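J.: The file below is final11.cif, mmCIF, C-alpha atoms:
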data_structure
loop_
_atom_site.label_atom_id
_atom_site.label_comp_id
_atom_site.auth_asym_id
_atom_site.auth_seq_id
_atom_site.Cartn_x
_atom_site.Cartn_y
_atom_site.Cartn_z
CA MET A 103 10.25 -6.89 -17.85
CA ASN A 104 8.70 -3.44 -17.73
CA LEU A 105 5.82 -3.82 -15.28
CA GLN A 106 3.84 -0.84 -16.59
CA VAL A 107 4.06 -2.06 -20.19
CA GLU A 108 2.93 -5.54 -19.16
CA LYS A 109 -0.02 -4.14 -17.21
CA ILE A 110 -1.09 -2.07 -20.21
CA LYS A 111 -0.85 -5.09 -22.52
CA LEU A 112 -2.88 -7.17 -20.07
CA ALA A 113 -5.50 -4.43 -19.74
CA GLN A 114 -5.78 -4.22 -23.53
CA THR A 115 -6.24 -7.96 -23.76
CA ILE A 116 -8.92 -7.92 -21.07
CA LEU A 117 -10.73 -5.03 -22.73
CA GLY A 118 -10.82 -7.02 -25.96
CA LEU A 119 -12.40 -10.11 -24.39
CA ASP A 120 -15.97 -11.03 -25.22
CA SER A 121 -16.19 -14.03 -22.92
CA GLU A 122 -17.93 -13.60 -19.60
CA ILE A 123 -16.57 -16.97 -18.47
CA ILE A 124 -12.96 -15.94 -19.05
CA LEU A 125 -13.56 -12.64 -17.23
CA LYS A 126 -15.02 -14.52 -14.26
CA HIS A 127 -12.00 -16.83 -14.19
CA LEU A 128 -9.59 -13.89 -14.38
CA LYS A 129 -11.41 -12.15 -11.56
CA ALA A 130 -11.26 -15.30 -9.44
CA VAL A 131 -7.53 -15.66 -10.06
CA LEU A 132 -6.86 -12.02 -9.19
CA ASN A 133 -8.98 -12.23 -6.04
CA SER A 134 -7.12 -15.34 -4.91
CA TYR A 135 -3.79 -13.45 -5.01
CA GLN A 136 -4.87 -10.44 -3.02
CA THR A 137 -2.87 -10.25 0.17
CA ASP A 138 -2.75 -8.00 3.15
CA LEU A 139 0.01 -5.41 2.79
CA TRP A 140 1.07 -6.14 6.36
CA ASP A 141 1.98 -9.69 5.36
CA GLU A 142 4.34 -8.38 2.68
CA LEU A 143 6.29 -6.03 4.95
CA PRO A 144 9.74 -7.04 6.22
CA ASP A 145 9.83 -8.09 9.89
CA GLU A 146 11.91 -5.06 10.92
CA VAL A 147 9.29 -2.71 9.43
CA LYS A 148 6.49 -4.56 11.23
CA GLN A 149 8.41 -4.39 14.54
CA SER A 150 9.03 -0.67 14.08
CA ALA A 151 5.35 -0.01 13.35
CA LEU A 152 4.26 -2.05 16.38
CA ARG A 153 6.74 -0.13 18.58
CA GLY A 154 5.26 3.14 17.31
CA ILE A 155 1.72 1.98 18.03
CA LYS A 156 2.73 0.92 21.55
CA GLN A 157 4.41 4.30 22.15
CA ALA A 158 1.30 6.13 20.95
CA ASP A 159 -0.91 3.98 23.16
CA ASN A 160 1.33 4.96 26.10
CA GLY A 161 1.03 8.66 25.25
CA GLU A 162 4.65 8.85 24.05
CA TYR A 163 4.15 11.05 21.02
CA LYS A 164 4.13 14.66 19.86
CA SER A 165 1.06 16.24 18.36
CA HIS A 166 1.09 17.45 14.79
CA ASP A 167 1.03 21.06 16.04
CA GLU A 168 4.05 20.47 18.30
CA VAL A 169 6.06 18.98 15.46
CA MET A 170 5.07 21.72 13.03
CA LYS A 171 6.05 24.39 15.56
CA LYS A 172 9.44 22.78 16.16
CA TYR A 173 10.30 22.37 12.47
CA LYS A 174 8.57 25.52 11.22
CA LYS A 175 11.85 27.20 10.25
CA TRP A 176 12.62 24.37 7.78
CA LEU A 177 9.12 24.24 6.35
CA LYS A 178 8.90 27.79 5.04
CA LYS A 179 6.53 28.27 2.13
#
In structure tokens, how does this file's structure come out?

T.:
Amino acid sequence: MNLQVEKIKLAQTILGLDSEIILKHLKAVLNSYQTDLWDELPDEVKQSALRGIKQADNGEYKSHDEVMKKYKKWLKK
């Protein structure tokens, strides 16, 4: 299944609808499936992100300027 093609077909179908009731039902279905991106991440990605947040909270990070200065030679324009 080509996801983009299916989305386009679905959008065309929705655009062709004249029923407010069906549109309300579709909206309700779509809203019921919305999830938090965090919930969809693999556990190892969540753990890595939480480690990074903890490190930042503890002051264990480099500023953007420090990083740019260090890697300047590879980032030539």

J.: Would you list the contacts of segment 133-140 of chain A as a VMD selection string, taking every protein, DNA or RNA residue within 12 Å and counting all atoms listed in the file, but skipping same-chain residues closer than 6 positions in sequence?

T.: chain A and resid 126 to 127 146 to 149 151 to 152

J.: Would you write out, as a list in words, every residue that the PyMOL selection byres ((chain A and resi 103-115) around 12) captures in this file?

T.: Ile116, Leu117, Gly118, Leu119, Asp120, Ser121, Ile124, Leu125 and Leu128 of chain A

J.: Got time to write the residues from that selection, C-alpha atoms, as a tab-separated table (two decimals), keeping the file's coordinate frame?

T.:
chain	number	residue	atom	x	y	z
A	116	ILE	CA	-8.92	-7.92	-21.07
A	117	LEU	CA	-10.73	-5.03	-22.73
A	118	GLY	CA	-10.82	-7.02	-25.96
A	119	LEU	CA	-12.40	-10.11	-24.39
A	120	ASP	CA	-15.97	-11.03	-25.22
A	121	SER	CA	-16.19	-14.03	-22.92
A	124	ILE	CA	-12.96	-15.94	-19.05
A	125	LEU	CA	-13.56	-12.64	-17.23
A	128	LEU	CA	-9.59	-13.89	-14.38

J.: Determine the axis-aligned bounding box of all atoms of segment 140-143 of chain A present in the file, pad each side by 4 Å, and express its centre and edge lengths in Å to one decimal place as JSON.

T.:
{"center_x": 3.7, "center_y": -7.9, "center_z": 4.5, "size_x": 13.2, "size_y": 11.7, "size_z": 11.7}

J.: To one decimal in Å, tell me the separation between atom CA of Asp167 of chain A and atom CA of Gly154 of chain A.

T.: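 These two atoms are separated by 18.5 Å.
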
J.: Could you tell me how far atom CA of Gln157 of chain A sits from atom CA of Lys174 of chain A, in Å to one decimal place?

T.: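 Going from atom CA of Lys174 of chain A over to atom CA of Gln157 of chain A covers 24.2 Å.
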
J.: Have segment 150-178 of chain A completed to N, CA and C atoms, please, and pass it along as a short mmCIF file (atom, residue, chain, number, x, y, z; two decimals), keeping the file's coordinate frame.

T.:
data_model
loop_
_atom_site.label_atom_id
_atom_site.label_comp_id
_atom_site.auth_asym_id
_atom_site.auth_seq_id
_atom_site.Cartn_x
_atom_site.Cartn_y
_atom_site.Cartn_z
N SER A 150 8.96 -2.12 13.90
CA SER A 150 9.03 -0.67 14.08
C SER A 150 7.63 -0.07 14.19
N ALA A 151 6.73 -0.51 13.32
CA ALA A 151 5.35 -0.01 13.35
C ALA A 151 4.67 -0.39 14.67
N LEU A 152 4.87 -1.60 15.12
CA LEU A 152 4.26 -2.05 16.38
C LEU A 152 4.82 -1.27 17.57
N ARG A 153 6.14 -0.95 17.54
CA ARG A 153 6.74 -0.13 18.58
C ARG A 153 6.08 1.26 18.60
N GLY A 154 5.89 1.82 17.41
CA GLY A 154 5.26 3.14 17.31
C GLY A 154 3.84 3.14 17.83
N ILE A 155 3.10 2.10 17.53
CA ILE A 155 1.72 1.98 18.03
C ILE A 155 1.72 1.88 19.56
N LYS A 156 2.64 1.08 20.10
CA LYS A 156 2.73 0.92 21.55
C LYS A 156 3.09 2.25 22.21
N GLN A 157 4.03 2.99 21.61
CA GLN A 157 4.41 4.30 22.15
C GLN A 157 3.22 5.26 22.13
N ALA A 158 2.48 5.25 21.04
CA ALA A 158 1.30 6.13 20.95
C ALA A 158 0.26 5.74 21.98
N ASP A 159 0.05 4.45 22.16
CA ASP A 159 -0.91 3.98 23.16
C ASP A 159 -0.51 4.42 24.57
N ASN A 160 0.81 4.54 24.80
CA ASN A 160 1.33 4.96 26.10
C ASN A 160 1.45 6.48 26.22
N GLY A 161 0.98 7.20 25.22
CA GLY A 161 1.03 8.66 25.25
C GLY A 161 2.39 9.23 24.91
N GLU A 162 3.29 8.42 24.38
CA GLU A 162 4.65 8.85 24.05
C GLU A 162 4.71 9.33 22.61
N TYR A 163 4.13 10.49 22.38
CA TYR A 163 4.15 11.05 21.02
C TYR A 163 4.01 12.56 21.10
N LYS A 164 4.30 13.21 19.99
CA LYS A 164 4.13 14.66 19.86
C LYS A 164 2.96 14.89 18.92
N SER A 165 2.18 15.91 19.23
CA SER A 165 1.06 16.24 18.36
C SER A 165 1.58 16.85 17.07
N HIS A 166 0.73 16.85 16.08
CA HIS A 166 1.09 17.45 14.79
C HIS A 166 1.49 18.92 14.99
N ASP A 167 0.73 19.63 15.80
CA ASP A 167 1.03 21.06 16.04
C ASP A 167 2.40 21.25 16.69
N GLU A 168 2.74 20.37 17.65
CA GLU A 168 4.05 20.47 18.30
C GLU A 168 5.18 20.26 17.30
N VAL A 169 5.03 19.28 16.45
CA VAL A 169 6.06 18.98 15.46
C VAL A 169 6.18 20.13 14.46
N MET A 170 5.05 20.63 14.00
CA MET A 170 5.07 21.72 13.03
C MET A 170 5.72 22.96 13.63
N LYS A 171 5.45 23.24 14.89
CA LYS A 171 6.05 24.39 15.56
C LYS A 171 7.57 24.23 15.65
N LYS A 172 8.01 23.03 15.99
CA LYS A 172 9.44 22.78 16.16
C LYS A 172 10.19 22.90 14.83
N TYR A 173 9.60 22.41 13.75
CA TYR A 173 10.30 22.37 12.47
C TYR A 173 9.84 23.46 11.50
N LYS A 174 9.11 24.44 12.03
CA LYS A 174 8.57 25.52 11.22
C LYS A 174 9.64 26.22 10.38
N LYS A 175 10.80 26.46 10.94
CA LYS A 175 11.85 27.20 10.25
C LYS A 175 12.34 26.45 9.01
N TRP A 176 12.19 25.14 8.96
CA TRP A 176 12.62 24.37 7.78
C TRP A 176 11.49 24.15 6.78
N LEU A 177 10.29 24.49 7.18
CA LEU A 177 9.12 24.24 6.35
C LEU A 177 8.53 25.53 5.77
N LYS A 178 9.37 26.52 5.57
CA LYS A 178 8.90 27.79 5.04
C LYS A 178 8.28 27.60 3.66
#
